[in-house]
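One file, target_33.cif, carrying mmCIF, C-alpha atoms:
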data_coords
loop_
_atom_site.label_atom_id
_atom_site.label_comp_id
_atom_site.auth_asym_id
_atom_site.auth_seq_id
_atom_site.Cartn_x
_atom_site.Cartn_y
_atom_site.Cartn_z
CA MET A 1 102.71 117.87 122.74
CA SER A 2 100.38 116.00 125.05
CA ASP A 3 101.17 112.48 126.20
CA ASN A 4 101.02 109.75 123.59
CA ALA A 5 98.72 106.84 124.39
CA GLU A 6 100.52 103.74 123.21
CA SER A 7 98.90 100.42 122.58
CA PRO A 8 100.39 97.22 124.03
CA THR A 9 101.27 95.95 120.61
CA GLU A 10 102.49 92.52 119.57
CA THR A 11 104.73 93.94 116.87
CA GLN A 12 108.44 94.25 117.35
CA LYS A 13 108.53 97.68 115.80
CA ASP A 14 110.14 100.44 117.80
CA ASP A 15 107.30 102.82 117.09
CA PRO A 16 104.00 101.92 118.69
CA SER A 17 101.68 101.22 115.79
CA ILE A 18 98.76 102.82 117.54
CA GLN A 19 99.17 106.24 119.04
CA HIS A 20 96.86 108.79 120.54
CA ALA A 21 96.24 111.41 117.88
CA ALA A 22 97.16 114.57 119.73
CA THR A 23 96.90 116.95 116.83
CA GLU A 24 94.53 117.40 113.93
CA HIS A 25 95.84 116.02 110.65
CA THR A 26 94.85 117.94 107.57
CA GLY A 27 94.21 116.09 104.35
CA ALA A 28 95.03 112.48 103.50
CA SER A 29 98.43 111.76 102.02
CA ASP A 30 99.53 108.45 100.58
CA GLU A 31 102.91 108.95 102.11
CA LYS A 32 101.63 109.09 105.68
CA LYS A 33 102.28 105.77 107.39
CA LYS A 34 99.50 106.31 109.90
CA ILE A 35 95.87 107.18 109.51
CA ASP A 36 93.45 108.69 111.99
CA VAL A 37 90.73 106.48 113.34
CA LEU A 38 87.74 107.71 115.34
CA LEU A 39 86.15 105.02 117.51
CA LYS A 40 82.46 105.26 118.37
CA ALA A 41 80.64 102.99 120.80
CA VAL A 42 77.32 101.39 119.91
CA GLY A 43 74.71 99.90 122.21
CA ASP A 44 76.02 98.81 125.60
CA ALA A 45 79.67 98.93 124.58
CA PRO A 46 81.76 101.04 126.96
CA ILE A 47 82.85 104.39 125.58
CA MET A 48 86.59 104.81 125.06
CA LYS A 49 88.00 107.74 127.02
CA THR A 50 90.32 108.35 124.11
CA LYS A 51 88.37 108.14 120.89
CA LYS A 52 90.85 109.35 118.34
CA TRP A 53 93.85 107.21 117.45
CA SER A 54 96.70 107.27 114.96
CA VAL A 55 96.99 103.78 113.51
CA GLU A 56 99.53 102.34 111.08
CA ARG A 57 98.00 101.65 107.69
CA GLY A 58 99.03 98.01 107.74
CA ARG A 59 97.31 97.28 111.04
CA THR A 60 94.45 94.80 110.66
CA VAL A 61 90.88 95.17 111.87
CA GLN A 62 91.39 92.14 114.12
CA SER A 63 94.46 93.69 115.68
CA LEU A 64 92.57 96.93 116.29
CA ALA A 65 89.65 95.00 117.80
CA GLN A 66 92.04 93.24 120.18
CA PHE A 67 93.51 96.60 121.17
CA ILE A 68 90.06 98.05 121.89
CA SER A 69 89.09 94.95 123.90
CA ARG A 70 92.21 95.24 126.05
CA PHE A 71 91.78 99.00 126.45
CA LEU A 72 88.18 98.51 127.57
CA LYS A 73 89.23 95.55 129.75
CA LEU A 74 86.60 93.31 128.20
CA GLU A 75 86.30 89.67 129.30
CA ALA A 76 88.02 87.12 127.10
CA SER A 77 84.62 85.66 126.28
CA GLU A 78 83.18 89.00 125.17
CA GLN A 79 83.21 89.54 121.42
CA LEU A 80 83.78 92.85 119.73
CA PHE A 81 82.22 93.74 116.36
CA ILE A 82 83.65 96.53 114.22
CA TYR A 83 81.62 98.31 111.55
CA VAL A 84 82.42 100.73 108.76
CA ASN A 85 79.83 103.27 107.55
CA GLN A 86 77.45 101.80 110.13
CA SER A 87 76.74 99.13 107.54
CA PHE A 88 79.34 96.40 107.07
CA ALA A 89 81.77 94.48 109.22
CA PRO A 90 85.15 94.32 107.45
CA SER A 91 87.05 91.06 107.35
CA PRO A 92 89.35 90.66 110.40
CA ASP A 93 92.42 90.58 108.13
CA GLN A 94 91.47 93.79 106.31
CA GLU A 95 94.00 96.60 106.63
CA VAL A 96 92.78 99.85 108.19
CA GLY A 97 94.73 101.79 105.56
CA VAL A 98 92.57 100.33 102.78
CA LEU A 99 89.39 101.12 104.73
CA PHE A 100 90.61 104.68 105.25
CA GLU A 101 91.32 105.10 101.51
CA CYS A 102 87.87 103.90 100.54
CA PHE A 103 85.66 104.99 103.42
CA GLY A 104 87.51 107.74 105.22
CA SER A 105 86.04 111.24 105.41
CA ASP A 106 87.40 114.54 106.71
CA GLY A 107 90.80 112.93 107.06
CA LYS A 108 89.70 110.11 109.35
CA LEU A 109 88.14 106.67 109.37
CA VAL A 110 85.13 106.37 111.65
CA LEU A 111 84.66 102.89 113.11
CA HIS A 112 81.74 101.81 115.25
CA TYR A 113 82.29 99.02 117.75
CA CYS A 114 79.83 96.98 119.79
CA LYS A 115 79.60 93.82 121.85
CA SER A 116 76.84 92.27 119.78
CA GLN A 117 75.97 92.32 116.07
CA ALA A 118 74.51 95.72 115.25
CA TRP A 119 74.12 95.87 111.51
CA GLY A 120 74.02 92.15 110.61
CA MET B 1 79.19 94.06 72.22
CA THR B 2 82.44 93.57 74.04
CA SER B 3 84.91 90.90 73.00
CA LEU B 4 87.16 89.04 75.39
CA VAL B 5 90.62 87.61 74.75
CA VAL B 6 91.07 84.02 75.89
CA LYS B 7 94.21 82.01 76.35
CA ASN B 8 94.61 78.68 74.60
CA GLU B 9 95.13 75.86 77.06
CA LEU B 10 92.76 76.84 79.86
CA ASN B 11 90.07 74.79 81.49
CA ALA B 12 86.61 73.93 80.17
CA SER B 13 84.92 76.97 81.65
CA CYS B 14 87.26 79.25 79.73
CA ARG B 15 86.76 77.43 76.45
CA HIS B 16 83.07 77.80 76.99
CA LEU B 17 83.55 81.51 77.59
CA MET B 18 85.40 81.72 74.28
CA ASN B 19 82.40 80.21 72.54
CA VAL B 20 80.20 83.00 73.74
CA ILE B 21 82.41 85.90 72.70
CA MET B 22 79.75 87.47 70.55
CA ALA B 23 76.79 86.35 72.66
CA ASP B 24 74.50 88.41 74.79
CA ASP B 25 75.96 90.10 77.84
CA LYS B 26 73.57 88.01 79.93
CA ASP B 27 75.23 84.82 78.75
CA VAL B 28 78.48 86.13 80.16
CA LEU B 29 76.80 86.28 83.57
CA ARG B 30 75.82 82.65 83.26
CA ASP B 31 79.27 81.53 82.14
CA VAL B 32 80.92 83.37 85.00
CA TRP B 33 78.53 81.77 87.48
CA PHE B 34 79.02 78.23 86.18
CA GLY B 35 82.80 78.39 85.81
CA ARG B 36 84.42 75.31 87.34
CA ILE B 37 87.93 74.24 88.30
CA PRO B 38 88.77 70.54 88.43
CA ALA B 39 90.62 69.85 91.69
CA CYS B 40 92.30 66.86 93.28
CA PHE B 41 92.38 66.85 97.07
CA THR B 42 95.14 64.86 98.76
CA LEU B 43 95.59 64.41 102.49
CA SER B 44 98.84 65.83 103.82
CA PRO B 45 101.40 63.07 104.45
CA GLU B 46 101.88 64.47 107.96
CA GLU B 47 98.35 63.53 108.96
CA THR B 48 98.09 60.13 110.60
CA THR B 49 95.46 57.80 109.27
CA GLU B 50 94.15 54.39 110.12
CA ARG B 51 93.88 53.43 106.46
CA GLU B 52 95.40 54.78 103.30
CA ALA B 53 93.74 57.96 102.11
CA GLU B 54 92.72 58.01 98.46
CA PRO B 55 92.72 61.41 96.71
CA TYR B 56 89.32 63.00 96.18
CA TYR B 57 88.36 64.68 92.91
CA LEU B 58 85.89 67.54 92.76
CA LEU B 59 84.78 70.28 90.35
CA LEU B 60 84.99 73.54 92.28
CA PRO B 61 82.76 76.52 91.45
CA ARG B 62 84.98 79.52 90.73
CA VAL B 63 82.55 81.91 92.38
CA SER B 64 82.13 80.04 95.66
CA TYR B 65 84.28 79.51 98.75
CA LEU B 66 86.37 76.45 99.67
CA THR B 67 84.70 75.79 103.00
CA LEU B 68 81.24 76.03 101.44
CA VAL B 69 81.77 73.32 98.81
CA THR B 70 84.06 70.77 100.45
CA ASP B 71 81.83 68.90 102.88
CA LYS B 72 82.32 65.77 100.77
CA VAL B 73 86.08 66.19 100.95
CA LYS B 74 85.91 66.36 104.73
CA LYS B 75 83.66 63.30 104.96
CA HIS B 76 85.95 61.38 102.60
CA PHE B 77 89.12 61.95 104.64
CA LEU B 78 87.51 61.67 108.07
CA ARG B 79 86.55 58.12 107.13
CA VAL B 80 90.20 57.09 107.25
CA MET B 81 91.18 59.13 110.30
CA LYS B 82 90.74 58.69 114.00
CA ALA B 83 87.76 60.56 115.41
CA GLU B 84 89.88 62.61 117.82
CA ASP B 85 91.97 63.98 114.95
CA SER B 86 89.04 65.67 113.27
CA THR B 87 89.62 69.31 113.99
CA GLU B 88 89.05 72.15 111.53
CA MET B 89 89.96 71.25 107.96
CA TRP B 90 92.17 73.66 106.03
CA PHE B 91 93.76 73.69 102.59
CA GLU B 92 97.16 74.44 101.21
CA TYR B 93 98.71 74.63 97.75
CA GLU B 94 102.46 74.12 97.38
CA GLY B 95 103.06 75.32 100.91
CA THR B 96 100.72 78.31 100.78
CA PRO B 97 97.66 78.11 103.06
CA LEU B 98 94.56 78.88 100.98
CA LYS B 99 92.34 81.61 102.40
CA TRP B 100 88.83 80.23 102.37
CA HIS B 101 87.37 83.74 102.43
CA TYR B 102 88.77 84.50 98.98
CA PRO B 103 86.66 83.19 96.08
CA ILE B 104 87.96 79.85 94.76
CA GLY B 105 88.58 81.21 91.27
CA VAL B 106 90.77 83.98 92.66
CA LEU B 107 92.89 81.50 94.63
CA PHE B 108 93.34 79.34 91.52
CA ASP B 109 94.17 82.21 89.16
CA LEU B 110 96.62 83.65 91.64
CA HIS B 111 98.47 80.47 92.56
CA ALA B 112 97.93 77.83 89.91
CA SER B 113 96.52 79.21 86.68
CA ASN B 114 99.58 78.35 84.60
CA THR B 115 100.03 74.83 85.91
CA ALA B 116 98.51 71.62 84.61
CA LEU B 117 95.04 70.61 85.71
CA PRO B 118 93.68 69.23 87.98
CA TRP B 119 94.53 71.71 90.73
CA ASN B 120 96.34 69.67 93.35
CA VAL B 121 95.23 70.88 96.77
CA THR B 122 96.56 69.44 100.03
CA VAL B 123 94.13 68.87 102.89
CA HIS B 124 95.11 69.32 106.54
CA PHE B 125 93.37 68.72 109.85
CA LYS B 126 96.24 69.59 112.17
CA ASN B 127 98.42 72.63 112.88
CA PHE B 128 95.90 75.26 111.77
CA PRO B 129 97.98 78.28 110.59
CA GLU B 130 96.50 80.96 112.86
CA HIS B 131 98.46 83.79 111.29
CA ASP B 132 97.50 83.00 107.71
CA LEU B 133 93.92 81.81 107.86
CA LEU B 134 90.66 82.85 109.43
CA HIS B 135 88.66 80.18 111.20
CA CYS B 136 85.50 78.91 109.56
CA THR B 137 83.48 77.03 112.10
CA SER B 138 80.14 77.01 110.26
CA ASN B 139 78.34 78.15 107.13
CA SER B 140 77.01 81.19 108.99
CA VAL B 141 80.58 82.49 109.15
CA ILE B 142 80.78 82.24 105.36
CA GLU B 143 77.36 83.88 105.02
CA ALA B 144 78.38 86.78 107.27
CA HIS B 145 81.57 87.31 105.28
CA PHE B 146 79.74 87.11 101.94
CA MET B 147 77.04 89.57 102.98
CA SER B 148 79.64 91.95 104.39
CA CYS B 149 81.44 91.98 101.04
CA ILE B 150 78.19 92.72 99.24
CA LYS B 151 77.45 95.57 101.65
CA GLU B 152 80.93 96.96 101.24
CA ALA B 153 80.60 96.79 97.45
CA ASP B 154 77.26 98.59 97.60
CA ALA B 155 78.72 101.24 99.88
CA LEU B 156 81.13 101.97 97.03
CA LYS B 157 78.59 101.68 94.19
CA HIS B 158 75.53 103.34 95.69
CA LYS B 159 76.52 104.68 99.13
CA GLY B 160 74.84 101.53 100.43
CA GLN B 161 71.38 102.76 99.43
CA VAL B 162 70.39 99.77 97.31
CA ILE B 163 71.40 97.08 99.81
CA ASN B 164 69.85 99.02 102.68
CA ASP B 165 66.55 99.35 100.82
CA MET B 166 66.40 95.57 100.43
CA GLN B 167 64.65 93.50 103.07
CA LYS B 168 66.30 90.83 105.16
CA LYS B 169 64.67 88.14 103.05
CA ASP B 170 66.22 89.66 99.93
CA HIS B 171 69.67 89.47 101.55
CA LYS B 172 68.92 85.84 102.42
CA GLN B 173 68.02 85.16 98.81
CA LEU B 174 71.43 86.35 97.65
CA TRP B 175 73.14 83.99 100.07
CA MET B 176 70.85 81.03 99.36
CA GLY B 177 71.39 81.54 95.63
CA LEU B 178 75.15 81.22 96.11
CA GLN B 179 74.95 78.38 98.61
CA ASN B 180 72.61 76.30 96.45
CA ASP B 181 74.13 77.25 93.09
CA LYS B 182 70.89 78.87 91.90
CA PHE B 183 71.79 81.42 89.22
CA ASP B 184 68.25 82.73 88.64
CA GLN B 185 67.45 83.03 92.35
CA PHE B 186 70.67 84.96 92.91
CA TRP B 187 70.38 87.32 89.95
CA ALA B 188 66.72 88.12 90.61
CA MET B 189 68.09 90.15 93.54
CA ASN B 190 71.60 90.92 92.36
CA ARG B 191 70.40 92.78 89.26
CA LYS B 192 69.22 95.57 91.57
CA LEU B 193 72.80 95.94 92.83
CA MET B 194 73.96 96.32 89.21
CA GLU B 195 71.70 99.26 88.40
CA TYR B 196 72.67 102.91 88.44
CA PRO B 197 70.88 106.24 87.86
CA THR B 198 70.26 106.89 84.17
CA ASP B 199 71.93 110.27 84.27
CA GLU B 200 75.15 108.76 85.66
CA GLY B 201 77.65 106.90 83.52
CA GLY B 202 77.86 104.04 86.00
CA PHE B 203 78.44 103.28 89.67
CA ARG B 204 79.79 105.90 92.05
CA TYR B 205 82.97 103.87 92.57
CA ILE B 206 83.91 100.43 91.22
CA PRO B 207 84.31 97.70 93.87
CA PHE B 208 87.52 95.90 92.92
CA ARG B 209 90.51 94.15 94.47
CA MET B 210 93.83 93.57 92.73
CA TYR B 211 95.90 90.63 93.96
CA GLN B 212 99.54 89.75 93.46
CA THR B 213 101.45 86.78 94.80
CA MET B 214 104.60 88.75 95.51
CA GLY B 215 102.97 91.90 96.79
CA GLU B 216 103.65 93.66 100.08
CA ARG B 217 99.99 93.80 100.95
CA PRO B 218 97.24 91.22 100.45
CA PHE B 219 95.54 93.32 97.74
CA ILE B 220 95.09 96.78 96.31
CA GLN B 221 91.70 98.40 96.81
CA LYS B 222 91.16 102.10 96.14
CA LEU B 223 88.45 104.50 95.07
CA PHE B 224 88.06 104.48 91.29
CA ARG B 225 85.30 106.10 89.28
CA PRO B 226 84.12 104.41 86.05
CA VAL B 227 83.85 107.76 84.25
CA SER B 228 86.49 110.48 84.14
CA PRO B 229 85.69 114.07 85.21
CA GLU B 230 85.57 114.92 81.50
CA GLY B 231 82.94 112.25 80.93
CA HIS B 232 85.14 109.56 79.30
CA THR B 233 84.36 105.91 79.93
CA LEU B 234 87.34 104.50 81.79
CA THR B 235 88.79 101.10 80.94
CA LEU B 236 90.67 98.24 82.57
CA GLY B 237 93.80 99.78 81.08
CA ASP B 238 93.04 103.08 82.81
CA LEU B 239 92.66 101.28 86.13
CA LEU B 240 95.99 99.52 85.65
CA LYS B 241 97.74 102.69 84.53
CA GLU B 242 96.82 104.28 87.82
CA LEU B 243 97.34 101.36 90.19
CA PHE B 244 99.65 98.84 88.51
CA PRO B 245 101.42 100.48 85.58
CA ALA B 246 103.97 97.65 85.38
CA ALA B 247 101.20 95.46 83.96
CA ILE B 248 100.95 97.64 80.88
CA CYS B 249 103.77 97.29 78.43
CA ALA B 250 104.60 98.81 75.08
CA GLU B 251 103.90 96.79 71.92
CA ASP B 252 107.52 95.86 71.34
CA GLU B 253 108.14 94.84 74.93
CA PRO B 254 107.62 91.29 76.17
CA LYS B 255 104.63 91.06 78.52
CA ARG B 256 105.72 90.78 82.15
CA PHE B 257 102.35 90.27 83.80
CA GLN B 258 99.03 88.66 83.04
CA VAL B 259 95.94 90.50 84.22
CA MET B 260 93.41 87.77 84.93
CA ILE B 261 89.72 87.87 85.78
CA HIS B 262 87.83 84.54 85.99
CA GLY B 263 90.75 82.83 84.31
CA ILE B 264 90.76 85.03 81.22
CA GLU B 265 92.64 88.16 80.21
CA PRO B 266 90.09 90.78 79.14
CA LEU B 267 91.19 93.36 76.61
CA LEU B 268 92.58 96.43 78.33
CA GLU B 269 90.11 98.52 76.31
CA THR B 270 87.16 96.91 78.14
CA PRO B 271 85.17 99.52 80.07
CA ILE B 272 85.62 99.01 83.80
CA GLN B 273 81.89 99.64 84.32
CA TRP B 274 81.07 96.72 82.00
CA LEU B 275 83.57 94.50 83.82
CA SER B 276 82.03 95.45 87.16
CA GLU B 277 78.53 94.60 85.96
CA HIS B 278 79.42 91.35 84.19
CA LEU B 279 82.62 89.88 85.59
CA SER B 280 82.19 90.63 89.28
CA HIS B 281 81.92 87.73 91.64
CA PRO B 282 78.64 87.15 93.49
CA ASP B 283 80.14 89.26 96.30
CA ASN B 284 79.88 92.17 93.82
CA PHE B 285 83.63 92.73 93.75
CA LEU B 286 85.74 92.59 90.62
CA HIS B 287 88.65 90.40 91.69
CA ILE B 288 91.71 90.90 89.50
CA SER B 289 94.76 88.63 89.70
CA ILE B 290 98.07 89.98 88.46
CA ILE B 291 100.48 87.14 87.91
CA PRO B 292 103.90 86.85 86.27
CA ALA B 293 103.52 86.06 82.58
CA PRO B 294 104.69 82.52 81.86
CA SER B 295 108.03 82.30 80.12
CA ASP B 296 107.23 80.10 77.15
#

Before anything else, please render the file you have as structure tokens.
Amino acid sequence: MSDNAESPTETQKDDPSIQHAATEHTGASDEKKKIDVLLKAVGDAPIMKTKKWSVERGRTVQSLAQFISRFLKLEASEQLFIYVNQSFAPSPDQEVGVLFECFGSDGKLVLHYCKSQAWG
Amino acid sequence: MTSLVVKNELNASCRHLMNVIMADDKDVLRDVWFGRIPACFTLSPEETTEREAEPYYLLLPRVSYLTLVTDKVKKHFLRVMKAEDSTEMWFEYEGTPLKWHYPIGVLFDLHASNTALPWNVTVHFKNFPEHDLLHCTSNSVIEAHFMSCIKEADALKHKGQVINDMQKKDHKQLWMGLQNDKFDQFWAMNRKLMEYPTDEGGFRYIPFRMYQTMGERPFIQKLFRPVSPEGHTLTLGDLLKELFPAAICAEDEPKRFQVMIHGIEPLLETPIQWLSEHLSHPDNFLHISIIPAPSD
């Protein structure tokens, strides 16, 4: 198995709550604690070298945004906006697991990120 | 015609709803919009003041957001405080910080529906609970949140096609209608979001959120179609059976949970499509509170 990319997480859990998705996951099971997220850059946002991540269902959008910001080494003053379906920005306290259930396709949740408001 | 079951001792908005049981569906829209909760705001005893702070009474719209309708509360308490102490105002009920980004009616039903009125809310200006609450620095934050909810709801109902076909000024009209409590202005636009193709039985999926006070997660939100594959109209009971079966009990069992929408308990036989069209909040979500049944 290829190396796991672990996020510098604030949680005290032993397992990193965000891991590089090394393998393809087939289907979506309620029992799986993690869901696959595909991150796509919009506008002048830097492109993540690793785009596909395994994220714990309970992780919030805000937490994921902070992870992306750190990974991309953005300035503290730079904002990051996250969009689902290229149409709405979920609430920062929304769980990625819920977004995956409602808006995931082909076994993954596609999230677009940008440094300025893209879809209002 | 759909009938609604109403509890006895609820507030004025619910009694009014009871009076319109057999009225037009459109009247239900109006009663939902104009639902009010009498609240009493008291400054937290931990806040230091230059003079004594009197409580402030206010009728809160169920369908709005705390930070949108409490400017007068802020002005009232800032009058008795030192200028340097006026940081972001936040609210708490019996120790629980109140999330401003949840509709007011949802917060009340979830935390205080079975207690005596007025709703006693504590006001704070210090020690903002960063882990429990989002910041709300201006009305544009509320507007952005509100519009995002509407877009998310439309993504579920119509794959986002209806909201995307609207112009920016139409989106603005939805927000201004809520902000200024203008039912007609709001519904002139919102009715488009409540339409569906004539050959379908309803929306693609129903936008809903189910809240519990003692739950692991903030709320339950899943994909749910209003019509079964066999073509049957699905009901509130069907939704609960799938996502919260503990709320459904046999006839001889004592009821453990109340399933509350806008302060009332709709019959479980009510079609979920009808509930979505008529009892959704202005954000186009059906917010359902599941609370422990009171032990009489």

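Here atom CA of B:Thr198 and atom CA of B:Asp154 stand 17.3 Å from one another.
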
May I have the residues of chain B within 10 Å of chain A, counting only C-alpha atoms, written as a VMD selection string? chain B and resid 101 131 to 134 144 to 156 159 to 160 163 to 164 168 205 207 216 to 224

Explicit residue set for the PyMOL selection byres ((chain B and resi 82) around 12), as a list in words: Glu47, Thr48, Thr49, Glu50, Arg51, Phe77, Leu78, Arg79, Val80, Met81, Ala83, Glu84, Asp85, Ser86, Thr87 and Phe125 of chain B

Pick out the residues sitting within 9 Å of stretch 106-123 of chain B, and hand them over as a PyMOL selection string; count all atoms listed in the file, and ignore anything fewer than 3 positions along from it in its own chain. chain B and resi 10-11+37-44+57+62-63+73-74+77+89-96+98-100+102-103+211-213+260-263+287-291+293-294

As a check of understanding: the span from atom CA of B:Asn284 to atom CA of B:Asn190 is 8.5 Å

Just checking: using all atoms listed in the file, which residue out of A:Phe81, A:Gln86, A:Lys33, A:Arg57 ends up closest to A:Ser116? A:Phe81

With all atoms listed in the file as the atoms that count, which of B:Ile248, B:Val162, B:Ile206, B:Leu60 lies nearest to B:Val227? B:Ile206

Matched chain/residue IDs from the PyMOL selection byres ((chain A and resi 45) around 8), as a count of residues only: 9

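Between B:Cys136 and the residues B:Asn180, B:Thr67, B:Gln167, B:Thr233, the shortest atom-to-atom distance, using all atoms listed in the file, involves B:Thr67.
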
Go ahead and compute the interatomic distance for atom CA of B:Arg36 and atom CA of B:Pro61, in Å to one decimal. 4.6 Å
